[in-house]
Each structure stands twice: as C-alpha cells, then as structure tokens.
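**Student:** Input structure: structure-v5.tsv, which contains TSV, C-alpha atoms.
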```
chain	number	residue	atom	x	y	z
A	30	PHE	CA	-27.71	-17.99	60.77
A	31	VAL	CA	-30.42	-19.10	63.19
A	32	GLN	CA	-31.67	-17.61	66.42
A	33	ARG	CA	-34.16	-19.53	68.53
A	34	THR	CA	-35.00	-20.25	72.13
A	35	ALA	CA	-34.05	-23.57	73.65
A	36	LEU	CA	-37.73	-24.42	74.09
A	37	GLU	CA	-38.37	-23.86	70.38
A	38	LYS	CA	-35.37	-26.04	69.62
A	39	LEU	CA	-36.91	-28.87	71.63
A	40	GLY	CA	-40.42	-28.29	70.29
A	41	LEU	CA	-41.77	-27.28	73.70
A	42	ALA	CA	-42.70	-23.66	73.12
A	43	ASP	CA	-46.43	-24.28	72.53
A	44	ASP	CA	-46.91	-27.43	74.59
A	45	ASP	CA	-49.02	-26.77	77.70
A	46	ASP	CA	-48.06	-30.06	79.34
A	47	ALA	CA	-44.41	-29.37	78.70
A	48	GLY	CA	-44.93	-25.94	80.25
A	49	ASP	CA	-46.28	-27.57	83.40
A	50	GLU	CA	-43.23	-29.78	83.59
A	51	GLN	CA	-40.96	-26.79	83.07
A	52	GLU	CA	-42.72	-24.94	85.90
A	53	LYS	CA	-42.34	-27.97	88.16
A	54	ASP	CA	-38.66	-28.16	87.26
A	55	LYS	CA	-38.18	-24.47	88.06
A	56	SER	CA	-39.73	-24.76	91.50
A	57	GLU	CA	-37.58	-27.79	92.29
A	58	ARG	CA	-34.28	-26.41	91.03
A	59	GLY	CA	-34.60	-22.71	91.84
A	60	GLY	CA	-32.59	-20.19	89.84
A	61	LEU	CA	-33.81	-17.23	87.82
A	62	ALA	CA	-36.71	-19.21	86.33
A	63	ARG	CA	-38.69	-18.56	89.51
A	64	PHE	CA	-38.69	-14.87	88.52
A	65	TRP	CA	-40.55	-15.48	85.28
A	66	GLY	CA	-44.22	-14.52	85.21
A	67	PRO	CA	-46.32	-17.60	86.11
A	68	SER	CA	-48.73	-17.01	83.21
A	69	GLU	CA	-45.89	-16.81	80.70
A	70	PRO	CA	-43.38	-19.46	81.75
A	71	HIS	CA	-41.45	-19.38	78.49
A	72	THR	CA	-40.84	-15.66	78.23
A	73	PHE	CA	-37.81	-13.84	79.56
A	74	GLN	CA	-39.61	-11.20	81.58
A	75	VAL	CA	-38.34	-10.82	85.12
A	76	ASP	CA	-40.79	-10.29	87.95
A	77	TRP	CA	-38.67	-7.60	89.56
A	78	GLU	CA	-40.96	-7.12	92.54
A	79	TYR	CA	-40.69	-10.79	93.46
A	80	ALA	CA	-36.96	-10.92	92.71
A	81	ILE	CA	-36.18	-7.93	94.91
A	82	ARG	CA	-38.45	-9.18	97.70
A	83	GLU	CA	-36.54	-12.47	97.66
A	84	ALA	CA	-33.21	-10.63	97.65
A	85	MET	CA	-34.20	-8.69	100.76
A	86	ARG	CA	-35.51	-11.84	102.43
A	87	HIS	CA	-32.39	-13.91	101.72
A	88	ARG	CA	-30.05	-10.89	101.94
A	89	ARG	CA	-28.55	-11.82	98.60
A	90	LEU	CA	-29.40	-10.67	95.09
A	91	ASP	CA	-29.51	-13.26	92.30
A	92	GLN	CA	-26.55	-12.18	90.16
A	93	LYS	CA	-28.33	-12.98	86.93
A	94	LEU	CA	-30.45	-9.88	87.50
A	95	HIS	CA	-27.47	-7.70	86.60
A	96	TYR	CA	-27.84	-8.97	83.04
A	97	PHE	CA	-31.62	-8.58	82.78
A	98	THR	CA	-31.81	-4.87	82.08
A	99	PRO	CA	-31.84	-3.27	78.61
A	100	SER	CA	-28.53	-1.53	79.30
A	101	ALA	CA	-26.84	-4.68	80.68
A	102	GLU	CA	-24.76	-5.40	77.59
A	103	ALA	CA	-23.58	-1.80	77.22
A	104	ASN	CA	-22.75	-1.61	80.93
A	105	TRP	CA	-20.80	-4.86	80.83
A	106	ARG	CA	-18.99	-3.84	77.66
A	107	GLY	CA	-18.03	-0.65	79.46
A	108	VAL	CA	-16.41	-2.70	82.23
A	109	ALA	CA	-14.67	-5.09	79.83
A	110	THR	CA	-13.21	-2.44	77.53
A	111	SER	CA	-12.49	0.30	80.08
A	112	GLY	CA	-8.81	-0.57	80.40
A	113	ASN	CA	-9.32	-1.05	84.13
A	114	TYR	CA	-10.51	-4.66	83.81
A	115	HIS	CA	-7.33	-6.48	82.83
A	116	GLN	CA	-8.97	-9.89	83.01
A	117	TYR	CA	-10.69	-9.25	79.66
A	118	GLU	CA	-7.42	-8.96	77.74
A	119	GLN	CA	-5.87	-11.75	79.80
A	120	CYS	CA	-8.70	-14.03	78.76
A	121	LYS	CA	-8.37	-13.17	75.06
A	122	GLU	CA	-4.62	-13.76	75.00
A	123	GLY	CA	-5.03	-16.98	76.96
A	124	LEU	CA	-7.47	-18.24	74.32
A	125	ARG	CA	-5.04	-17.24	71.58
A	126	GLU	CA	-2.35	-19.25	73.32
A	127	LEU	CA	-4.78	-22.15	73.67
A	128	PHE	CA	-5.16	-22.36	69.89
A	129	TYR	CA	-1.80	-21.18	68.61
A	130	GLY	CA	0.75	-22.02	71.33
A	131	ALA	CA	3.22	-24.63	70.09
A	132	ASP	CA	2.86	-26.69	73.28
A	133	ASN	CA	-0.89	-26.24	73.65
A	134	GLN	CA	-2.45	-28.33	70.91
A	135	THR	CA	-5.12	-30.26	72.87
A	136	VAL	CA	-8.02	-28.16	71.58
A	137	PRO	CA	-6.78	-27.78	67.96
A	138	ASP	CA	-6.06	-31.53	67.87
A	139	PHE	CA	-9.63	-32.16	69.01
A	140	PHE	CA	-11.00	-30.21	66.05
A	141	ARG	CA	-8.49	-31.81	63.70
A	142	GLY	CA	-9.85	-35.14	64.87
A	143	GLY	CA	-13.34	-34.43	63.56
A	144	ALA	CA	-15.12	-32.14	66.03
A	145	ASP	CA	-17.04	-29.31	64.40
A	146	THR	CA	-18.97	-27.67	67.27
A	147	ALA	CA	-18.06	-25.00	69.80
A	148	VAL	CA	-20.49	-23.77	72.46
A	149	MET	CA	-19.98	-20.43	74.23
A	150	LEU	CA	-21.64	-20.55	77.65
A	151	GLY	CA	-22.51	-16.97	78.49
A	152	CYS	CA	-22.07	-13.94	76.24
A	153	GLY	CA	-19.78	-10.96	76.69
A	154	ALA	CA	-18.18	-8.28	74.57
A	155	GLY	CA	-17.73	-10.62	71.59
A	156	ALA	CA	-14.00	-10.59	70.81
A	157	LYS	CA	-13.56	-14.08	72.31
A	158	ASP	CA	-16.07	-15.55	69.88
A	159	GLU	CA	-14.24	-14.39	66.77
A	160	LEU	CA	-10.95	-15.60	68.21
A	161	ILE	CA	-12.35	-19.08	68.91
A	162	ILE	CA	-13.96	-19.36	65.47
A	163	ARG	CA	-10.71	-18.37	63.77
A	164	GLY	CA	-8.83	-20.86	65.92
A	165	VAL	CA	-11.16	-23.67	64.87
A	166	LEU	CA	-10.91	-22.72	61.20
A	167	ASP	CA	-7.11	-22.55	61.43
A	168	SER	CA	-6.91	-25.97	63.07
A	169	GLY	CA	-6.98	-27.66	59.68
A	170	GLY	CA	-9.64	-30.20	60.67
A	171	PRO	CA	-12.88	-31.10	58.90
A	172	ALA	CA	-14.59	-28.02	60.35
A	173	SER	CA	-12.13	-25.78	58.49
A	174	GLU	CA	-13.18	-27.40	55.22
A	175	GLY	CA	-16.90	-27.17	55.90
A	176	LYS	CA	-18.68	-25.12	58.54
A	177	VAL	CA	-17.96	-24.48	62.17
A	178	ARG	CA	-21.11	-24.97	64.23
A	179	TYR	CA	-20.99	-22.17	66.81
A	180	PHE	CA	-23.60	-21.78	69.55
A	181	LEU	CA	-24.09	-18.79	71.83
A	182	VAL	CA	-25.94	-19.73	75.03
A	183	ASP	CA	-27.18	-17.20	77.58
A	184	THR	CA	-30.20	-16.73	79.81
A	185	SER	CA	-30.25	-12.96	79.26
A	186	PRO	CA	-31.94	-11.89	76.01
A	187	PHE	CA	-30.11	-8.57	76.19
A	188	MET	CA	-26.66	-10.15	76.39
A	189	LEU	CA	-27.51	-12.88	73.88
A	190	ASP	CA	-29.06	-10.68	71.21
A	191	ALA	CA	-26.25	-8.14	71.37
A	192	ALA	CA	-23.59	-10.85	71.09
A	193	TYR	CA	-25.42	-12.64	68.28
A	194	TYR	CA	-25.89	-9.63	66.01
A	195	LYS	CA	-22.45	-8.24	66.71
A	196	LEU	CA	-20.80	-11.56	65.85
A	197	LEU	CA	-23.02	-11.85	62.77
A	198	ARG	CA	-21.77	-8.47	61.52
A	199	VAL	CA	-18.14	-9.33	62.27
A	200	LEU	CA	-18.29	-12.67	60.48
A	201	ARG	CA	-19.82	-11.11	57.39
A	202	ALA	CA	-17.33	-8.24	57.41
A	203	ARG	CA	-14.42	-10.70	57.65
A	204	GLY	CA	-15.80	-12.87	54.88
A	205	LEU	CA	-16.37	-15.77	57.28
A	206	GLY	CA	-20.16	-15.96	57.10
A	207	GLY	CA	-20.09	-18.92	54.73
A	208	HIS	CA	-17.81	-20.87	57.08
A	209	VAL	CA	-19.88	-20.60	60.27
A	210	ALA	CA	-23.30	-21.99	61.20
A	211	LEU	CA	-24.17	-19.55	63.99
A	212	GLU	CA	-27.02	-20.20	66.39
A	213	SER	CA	-28.13	-18.63	69.66
A	214	VAL	CA	-30.04	-20.37	72.44
A	215	LYS	CA	-31.81	-18.50	75.25
A	216	ILE	CA	-31.50	-20.75	78.27
A	217	ASP	CA	-29.95	-20.88	81.75
A	218	PHE	CA	-27.03	-23.26	81.23
A	219	VAL	CA	-26.62	-23.87	84.97
A	220	ASP	CA	-30.14	-24.58	86.24
A	221	HIS	CA	-32.28	-25.32	83.18
A	222	PHE	CA	-30.01	-26.87	80.55
A	223	ARG	CA	-31.49	-30.36	80.74
A	224	GLU	CA	-31.72	-31.99	77.27
A	225	VAL	CA	-30.83	-28.72	75.53
A	226	GLY	CA	-27.11	-29.40	75.36
A	227	ARG	CA	-27.73	-32.83	73.89
A	228	GLU	CA	-29.80	-31.31	71.10
A	229	ILE	CA	-26.79	-29.24	70.08
A	230	ARG	CA	-24.75	-32.34	69.28
A	231	ASN	CA	-24.11	-33.15	65.62
A	232	LYS	CA	-24.16	-36.93	65.17
A	233	GLU	CA	-21.09	-38.42	66.85
A	234	ASN	CA	-18.84	-35.40	66.47
A	235	GLY	CA	-17.40	-33.95	69.66
A	236	ILE	CA	-18.10	-30.59	71.24
A	237	VAL	CA	-15.84	-28.09	72.95
A	238	TRP	CA	-17.75	-26.23	75.66
A	239	PHE	CA	-16.31	-22.81	76.54
A	240	LEU	CA	-16.68	-20.77	79.73
A	241	PRO	CA	-13.47	-18.78	79.22
A	242	GLY	CA	-13.93	-15.38	80.85
A	243	GLY	CA	-13.89	-16.12	84.57
A	244	THR	CA	-17.69	-16.52	84.81
A	245	LEU	CA	-17.29	-19.66	86.92
A	246	GLY	CA	-16.45	-17.32	89.80
A	247	ASN	CA	-20.02	-15.94	89.66
A	248	LEU	CA	-21.72	-19.36	89.65
A	249	ASP	CA	-22.42	-22.26	91.95
A	250	GLU	CA	-19.52	-24.45	90.82
A	251	HIS	CA	-21.17	-27.75	91.69
A	252	ARG	CA	-24.34	-26.94	89.75
A	253	PHE	CA	-22.31	-25.76	86.76
A	254	PHE	CA	-20.17	-28.89	86.46
A	255	GLU	CA	-23.22	-31.08	87.10
A	256	SER	CA	-25.20	-29.32	84.38
A	257	ILE	CA	-22.50	-29.59	81.71
A	258	SER	CA	-21.65	-33.14	82.76
A	259	ASN	CA	-25.28	-34.11	82.10
A	260	GLU	CA	-25.23	-32.62	78.60
A	261	ALA	CA	-21.68	-33.37	77.45
A	262	ALA	CA	-20.72	-36.74	76.01
A	263	PRO	CA	-17.65	-38.70	77.13
A	264	GLY	CA	-14.68	-37.28	75.27
A	265	ASP	CA	-16.05	-33.73	74.95
A	266	LEU	CA	-13.74	-30.94	76.07
A	267	LEU	CA	-14.62	-28.16	78.52
A	268	VAL	CA	-12.50	-24.99	78.60
A	269	VAL	CA	-12.89	-22.93	81.77
A	270	GLY	CA	-11.16	-19.60	82.32
A	271	VAL	CA	-10.38	-18.77	85.95
A	272	ASP	CA	-8.53	-16.14	87.92
A	273	THR	CA	-6.35	-17.92	90.48
A	274	ILE	CA	-4.83	-17.12	93.84
A	275	SER	CA	-2.01	-18.40	95.96
A	276	SER	CA	-2.65	-20.47	99.07
A	277	GLU	CA	-1.63	-17.47	101.19
A	278	ASN	CA	-4.26	-15.17	102.68
A	279	THR	CA	-2.32	-11.94	103.02
A	280	THR	CA	-3.58	-8.41	103.40
A	281	SER	CA	-1.81	-7.39	100.18
A	282	GLU	CA	-3.56	-10.11	98.19
A	283	ARG	CA	-6.96	-9.15	99.59
A	284	ASP	CA	-6.25	-5.50	98.74
A	285	MET	CA	-5.27	-6.53	95.21
A	286	LEU	CA	-8.54	-8.42	94.72
A	287	ARG	CA	-10.60	-5.49	96.02
A	288	SER	CA	-8.78	-3.01	93.78
A	289	LYS	CA	-9.98	-4.80	90.64
A	290	TYR	CA	-13.53	-3.62	91.28
A	291	THR	CA	-13.27	0.02	92.31
A	292	SER	CA	-13.69	1.56	88.84
A	293	PRO	CA	-16.66	3.77	87.88
A	294	GLU	CA	-17.60	1.22	85.20
A	295	VAL	CA	-18.18	-1.50	87.80
A	296	LYS	CA	-20.40	0.84	89.84
A	297	CYS	CA	-22.39	1.63	86.70
A	298	PHE	CA	-22.83	-2.10	86.00
A	299	LEU	CA	-24.22	-2.65	89.51
A	300	ARG	CA	-26.45	0.41	89.45
A	301	GLU	CA	-29.82	-0.75	88.04
A	302	PRO	CA	-30.51	-3.76	90.29
A	303	LEU	CA	-29.30	-1.64	93.22
A	304	LEU	CA	-31.85	1.06	92.35
A	305	GLU	CA	-34.59	-1.60	92.36
A	306	LEU	CA	-33.45	-2.73	95.81
A	307	MET	CA	-33.52	0.86	97.05
A	308	LYS	CA	-37.02	1.40	95.67
A	309	TYR	CA	-38.34	-1.68	97.45
A	310	ALA	CA	-36.62	-0.71	100.72
A	311	GLY	CA	-37.84	2.90	100.50
A	312	VAL	CA	-34.27	4.23	100.44
A	313	THR	CA	-33.56	7.41	98.46
A	314	LYS	CA	-29.85	7.94	99.11
A	315	VAL	CA	-27.57	5.62	97.17
A	316	PRO	CA	-25.64	3.57	99.75
A	317	ASP	CA	-21.94	2.91	99.61
A	318	ILE	CA	-20.96	-0.43	98.12
A	319	GLU	CA	-18.71	-2.23	100.57
A	320	ILE	CA	-16.16	-4.57	98.97
A	321	GLU	CA	-14.72	-7.34	101.12
A	322	VAL	CA	-12.77	-10.53	100.53
A	323	VAL	CA	-13.95	-13.69	102.30
A	324	PRO	CA	-12.89	-15.69	104.12
A	325	LYS	CA	-10.85	-13.18	106.07
A	326	GLU	CA	-8.72	-15.80	107.81
A	327	PRO	CA	-7.17	-19.06	106.51
A	328	GLY	CA	-9.34	-22.09	107.18
A	329	GLN	CA	-12.55	-20.11	107.61
A	330	PHE	CA	-15.69	-21.16	105.73
A	331	ASN	CA	-16.41	-19.46	102.40
A	332	PRO	CA	-20.21	-19.22	102.08
A	333	TYR	CA	-20.03	-18.37	98.38
A	334	SER	CA	-17.94	-21.24	97.00
A	335	ARG	CA	-17.81	-25.01	97.30
A	336	VAL	CA	-14.21	-25.22	96.10
A	337	PRO	CA	-11.71	-25.49	98.98
A	338	GLN	CA	-9.22	-22.64	99.50
A	339	SER	CA	-11.16	-20.27	97.23
A	340	LYS	CA	-11.52	-16.56	97.97
A	341	THR	CA	-14.56	-14.51	97.06
A	342	VAL	CA	-14.87	-10.79	96.49
A	343	GLU	CA	-18.17	-9.75	98.08
A	344	PHE	CA	-20.11	-6.61	97.18
A	345	ALA	CA	-22.70	-5.58	99.77
A	346	VAL	CA	-24.91	-2.62	100.64
A	347	LYS	CA	-26.88	-1.68	103.73
A	348	LEU	CA	-30.54	-0.85	103.22
A	349	ASN	CA	-32.43	0.11	106.38
A	350	GLU	CA	-29.75	-1.66	108.42
A	351	VAL	CA	-30.17	-4.84	106.37
A	352	GLU	CA	-26.98	-5.93	104.62
A	353	VAL	CA	-27.61	-7.36	101.15
A	354	THR	CA	-24.95	-8.99	98.98
A	355	ILE	CA	-25.44	-7.73	95.43
A	356	MET	CA	-22.59	-9.54	93.67
A	357	THR	CA	-19.78	-12.03	94.31
A	358	SER	CA	-16.73	-13.07	92.30
A	359	THR	CA	-14.58	-16.05	93.30
A	360	ARG	CA	-10.89	-16.81	92.71
A	361	TYR	CA	-9.49	-20.32	92.92
A	362	ASN	CA	-6.56	-22.39	94.05
A	363	ILE	CA	-5.92	-24.17	90.74
A	364	GLY	CA	-5.10	-27.54	92.28
A	365	GLU	CA	-8.28	-27.57	94.35
A	366	LEU	CA	-10.40	-26.56	91.36
A	367	ILE	CA	-8.96	-29.39	89.26
A	368	LYS	CA	-9.74	-31.89	92.02
A	369	PHE	CA	-13.24	-30.46	92.35
A	370	ALA	CA	-13.89	-30.91	88.61
A	371	GLN	CA	-12.42	-34.42	88.57
A	372	GLU	CA	-14.91	-35.46	91.24
A	373	ARG	CA	-17.67	-34.33	88.86
A	374	ASN	CA	-16.70	-36.30	85.73
A	375	PHE	CA	-14.19	-33.88	84.22
A	376	ALA	CA	-10.58	-35.07	83.97
A	377	TRP	CA	-7.86	-32.44	83.73
A	378	GLU	CA	-6.06	-32.26	80.37
A	379	MET	CA	-3.94	-29.12	80.49
A	380	THR	CA	-3.65	-25.58	81.85
A	381	VAL	CA	-2.68	-22.55	79.76
A	382	ASP	CA	-1.43	-19.42	81.51
A	383	SER	CA	-2.36	-16.10	79.93
A	384	PRO	CA	0.70	-14.36	78.45
A	385	LEU	CA	-0.60	-11.15	80.07
A	386	GLY	CA	-0.76	-12.58	83.58
A	387	GLU	CA	-0.07	-16.09	84.73
A	388	ARG	CA	-2.76	-15.92	87.42
A	389	PHE	CA	-5.45	-16.03	84.76
A	390	LYS	CA	-5.64	-19.50	83.26
A	391	GLN	CA	-7.59	-21.45	80.68
A	392	VAL	CA	-8.09	-24.94	82.10
A	393	VAL	CA	-8.99	-27.76	79.70
A	394	PHE	CA	-11.01	-30.70	81.00
A	395	ARG	CA	-12.26	-33.83	79.25
A	396	ARG	CA	-15.64	-35.37	80.06
A	397	VAL	CA	-15.12	-38.95	81.27
```
Show me this structure written as structure tokens.
**Tutor:**
Amino acid sequence: FVQRTALEKLGLADDDDAGDEQEKDKSERGGLARFWGPSEPHTFQVDWEYAIREAMRHRRLDQKLHYFTPSAEANWRGVATSGNYHQYEQCKEGLRELFYGADNQTVPDFFRGGADTAVMLGCGAGAKDELIIRGVLDSGGPASEGKVRYFLVDTSPFMLDAAYYKLLRVLRARGLGGHVALESVKIDFVDHFREVGREIRNKENGIVWFLPGGTLGNLDEHRFFESISNEAAPGDLLVVGVDTISSENTTSERDMLRSKYTSPEVKCFLREPLLELMKYAGVTKVPDIEIEVVPKEPGQFNPYSRVPQSKTVEFAVKLNEVEVTIMTSTRYNIGELIKFAQERNFAWEMTVDSPLGERFKQVVFRRV
C-alpha cells in the first residue's frame, strides 16, 4: 500500500522551478490552490484569512473549504450515515447494480477485457470503495487473478487520509489486502490534475474513473469534464453518479429538494467555515442558513451550473447585510447532462437507476 502526493509521484516535490510553474498554473486556473501559503506551494495548508476575505468579496465561499478542517471527515460521515441522507444508500445500491445487474455489464465487461485500474475521484465514507473493489474482483477479468490497482484522489488531506486508512483496515480484515494495490494521491482533480491522471495509467490497460456519489453537483461541470478528458485515454470509462430532476419546476419539487438538507448533521457540516466567515465579519450571533432552489422560474438563468435545465440548492447566510453563498448542490435533467458530456469528449454508454430511488443514477460514459 502506498500513499504519496501527486507532486511526489511526478518527481516535482523538491524542484524549485517546477514549483514556480505550479504557482503560475494556480494563478491562471484559480481554485483552492490560491489559498495555499505562497512560501509553501506544495503543502495543504489553507490560508483561511485570504480564503474568507475572498468569500466575502465574491459573496461565495469556495466549497472545498468545507473539507479542509480536521473534523471534516467525521462531519461528512455524520451526514452520510445519519439516515436522513438517502442519497448515500441510493449511490451504494446503484453501484451494486452497476456491477451485478444482469443487464448492466458494461463496467464488468471492461474489466474482463483487461482493465485493472479504478480511480475514485473524491473520498467519502468508504463503503463505495469496498463495493467497487469487490465488483472488479468478481468480474472474472485479469485484475481478479492479479491485483486491482485502486487510487483514491482528493484535495483534502483530512478526507483522503481517513478514507485511505479505513479502506486499508477493511481490505486486511476481509482478506483482500493481497489482491489490491492501494494508492492515495493528494491533488485537486478539477483544477490541478494536469499530467497526474496520466501517471496513474498502467501500460495500455484501461481505467474506470469514478465520481459516483453526486459530487458533480458541487463542481463546475465544464472544468470537471475537461480535466478528466485531458487525463483519460480514448476508451476509458467514466462513471458519474447524479441526482436527477424532472423538467417541471413545481413548488413541490423545490420543497422536496430543500427538505434533503434540513437535518442537524448538514448544519454541523457547514459550521466551521461559517464560523470563520463570522469571525472575519465581526458577527457573534450565528445567522440562519437560508435554503433556496434556483432558478425559481422555468427558463431563468442558473448561475451555479452550465448544464441546461439544472436546478441548484443554494445555502446562503447574511453577514452584516452581505449575503454569502456557503454551499451549492445541483440536480440535473439527465438528457441535458448526457448532451453536455458528449460535447466534451464523453460518449454515453448506459444509465443505471438506483434500486432505492430511480432519480439517483449512475451514468457510464466512454472517453472518445
């Protein structure tokens, strides 16, 4: 089992010139990298003062900051396993169907054809990782006879380390340690993945890239597909889990979307970055978190998503009369999302509905 940063993997960790190029790349592309201390460009320390100042200036908090606190993993696990967040179980059962459903053999066939590598983009509570690894081993392909190469990729050291060591313990407890080559890579897979994904590749064998838990709804979709398109090879598969919506924009549907985020666990997850915002603004009373669904009317512009007909749940607070968005989560019209991906080098292969709720889907794309 190996754990290393992406920069170590590329041999850049101690290269001053490479550091200069990385800094140049950060300033050009934006993202969380701009929050790293300028004297230590390859560490994962967040300059909270700068980050919060930028959030107040732009009236929007970088969502990655929710995962850059020591309690981030525990807080997120609390949301995922609370019983109030049904999407977690829907995702797991959708992945199970992806590997074991009689009519859903695209991914198992890919591993049976010689692929031996799976990459998890973003870390969570961990159950998805074991399920995917078992699915690959059960596929009967070459990977099941040798070792599955499994990569955890996340920009948050707190999320990544927790996922890595938990999965390590699970694999050893299940007697699977000898069947899995587990690695973790600390890197932002949306804004700073250049060349890193290509280093993961094993000779000519294909890769299945996984973003299964609905995380796409927290990202800039164009930047995500562009990033993975640059690193994936033609023929690679990309599995994206998404919560979907109908084309209607009814009050009942907006109420349903809002209701998914009213639990105490969600408020706890949002708490630490909110406290930093309050400190900067000189606010002592915790403000109410207003939850709204945008756009409010059909045909209106959605400022949080580039995918047509999407709807975004917006979390905002008022600090000294300044409204700041602290988190967003987008739902998609499945047809529009497929067209969006196809325009960015990913052809649609199949869609698997979760047995626990057909609105949550695992969508399989192939890099063309």
**Student:** Residues of segment 345-387 of chain A that approach segment 306-330 of chain A to 8 Å or less, counting all atoms listed in the file: could you list each one with the shortest pair of atoms and its distance in Å to one decimal, rows by chain and increasing residue number, as CSV?
**Tutor:**
```
residue,atom,partner,partner_atom,distance
A:Ala345,CA,A:Glu319,CA,5.3
A:Val346,CA,A:Ile318,CA,5.2
A:Lys347,CA,A:Pro316,CA,6.7
A:Leu348,CA,A:Ala310,CA,6.6
A:Asn349,CA,A:Ala310,CA,7.1
```
**Student:** I want to know what sits within 8 Å of Leu286 of chain A, based on only C-alpha atoms, with residues of the same chain fewer than 4 positions away left out; could you give that as a list in words?
**Tutor:**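 The contact residues come out as Glu282, Tyr290, Val322 and Val342 of chain A.
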**Student:** Taking all atoms listed in the file into account, name the residue in A:Arg88, A:Ala172, A:Ser281, A:Val336 that is nearest to Val351 of chain A.
**Tutor:**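 Answer, going by the shortest atom-to-atom distance: A:Arg88.
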**Student:** Which residues, protein or nucleic acid, reach to within 12 Å of (-28.3, -0.7, 79.5) in the file's coordinates when using all atoms listed in the file, and can you give that as a PyMOL selection string?
**Tutor:** chain A and resi 95-107+187-188+191+297-302
**Student:** For Glu212 of chain A, which residue out of A:Asn234, A:Ser256, A:Thr146, A:Ser339 is the nearest one, using only C-alpha atoms?
**Tutor:**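 The closest residue to Glu212 of chain A is A:Thr146.
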**Student:** Using all atoms listed in the file, can you tell me which of A:Gly207, A:Arg287, A:Thr354, A:Val136 comes closest to His87 of chain A?
**Tutor:**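 The closest residue to His87 of chain A is A:Thr354.
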**Student:** Up to 9 Å from (-6.7, -34.8, 82.2) in the file's coordinates: name the residues, counting all atoms listed in the file, as a PDB file with C-alpha atoms, in the coordinates of the input.
**Tutor:**
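Writing done, so here's result15.pdb:
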```
ATOM      1  CA  GLN A 371     -12.420 -34.420  88.570  1.00  0.00           C
ATOM      2  CA  PHE A 375     -14.190 -33.880  84.220  1.00  0.00           C
ATOM      3  CA  ALA A 376     -10.580 -35.070  83.970  1.00  0.00           C
ATOM      4  CA  TRP A 377      -7.860 -32.440  83.730  1.00  0.00           C
ATOM      5  CA  GLU A 378      -6.060 -32.260  80.370  1.00  0.00           C
ATOM      6  CA  MET A 379      -3.940 -29.120  80.490  1.00  0.00           C
ATOM      7  CA  VAL A 393      -8.990 -27.760  79.700  1.00  0.00           C
ATOM      8  CA  PHE A 394     -11.010 -30.700  81.000  1.00  0.00           C
ATOM      9  CA  ARG A 395     -12.260 -33.830  79.250  1.00  0.00           C
TER      10      ARG A 395
END
```
**Student:** Nearest residue to Thr291 of chain A out of A:Ser258, A:Ser358, A:Asn113, A:Asn374, using all atoms listed in the file?
**Tutor:**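 The shortest atom-to-atom distance to Thr291 of chain A comes from A:Asn113.
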**Student:** Which polymer residues have any atom within 8 Å of an atom of Asp265 of chain A, counting only C-alpha atoms, with same-chain residues fewer than 4 positions away left out, as a PyMOL selection string?
**Tutor:** chain A and resi 235-238+261+395-396
**Student:** For Arg86 of chain A, which residue among A:Tyr179, A:Pro293, A:Asn362, A:Val353 is the nearest when counting all atoms listed in the file?
**Tutor:**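 Of the candidates, the smallest distance to Arg86 of chain A is held by A:Val353.
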**Student:** Quick one: pull the distance between atom CA of Leu196 of chain A and atom CA of Arg388 of chain A, Å, one decimal.
**Tutor:**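 Here the two named atoms are 28.5 Å from each other.
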**Student:** Which distance in Å separates atom CA of Asp91 of chain A and atom CA of Gly153 of chain A, to one decimal?
**Tutor:**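 So the answer is 18.5 Å.
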**Student:** Find the distance between atom CA of Ile229 of chain A and atom CA of Asp249 of chain A and write it in Å to one decimal.
**Tutor:** 23.4 Å
**Student:** Which polymer residues have any atom within 8 Å of an atom of Ser168 of chain A, counting all atoms listed in the file, with same-chain residues fewer than 3 positions away left out, as a PyMOL selection string?
**Tutor:** chain A and resi 128+137-138+140-141+164-165+173
**Student:** Could those residues be written to a file, using C-alpha atoms, as a PDB file, in the frame of the given file?
**Tutor:**
```pdb
ATOM      1  CA  PHE A 128      -5.160 -22.360  69.890  1.00  0.00           C
ATOM      2  CA  PRO A 137      -6.780 -27.780  67.960  1.00  0.00           C
ATOM      3  CA  ASP A 138      -6.060 -31.530  67.870  1.00  0.00           C
ATOM      4  CA  PHE A 140     -11.000 -30.210  66.050  1.00  0.00           C
ATOM      5  CA  ARG A 141      -8.490 -31.810  63.700  1.00  0.00           C
ATOM      6  CA  GLY A 164      -8.830 -20.860  65.920  1.00  0.00           C
ATOM      7  CA  VAL A 165     -11.160 -23.670  64.870  1.00  0.00           C
ATOM      8  CA  SER A 173     -12.130 -25.780  58.490  1.00  0.00           C
TER       9      SER A 173
END
```
**Student:** Pick out the closest residue to Glu126 of chain A from this set: A:Leu189, A:Leu266, A:Ala80, A:Ile161. Count all atoms listed in the file.
**Tutor:**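 The shortest atom-to-atom distance to Glu126 of chain A comes from A:Ile161.
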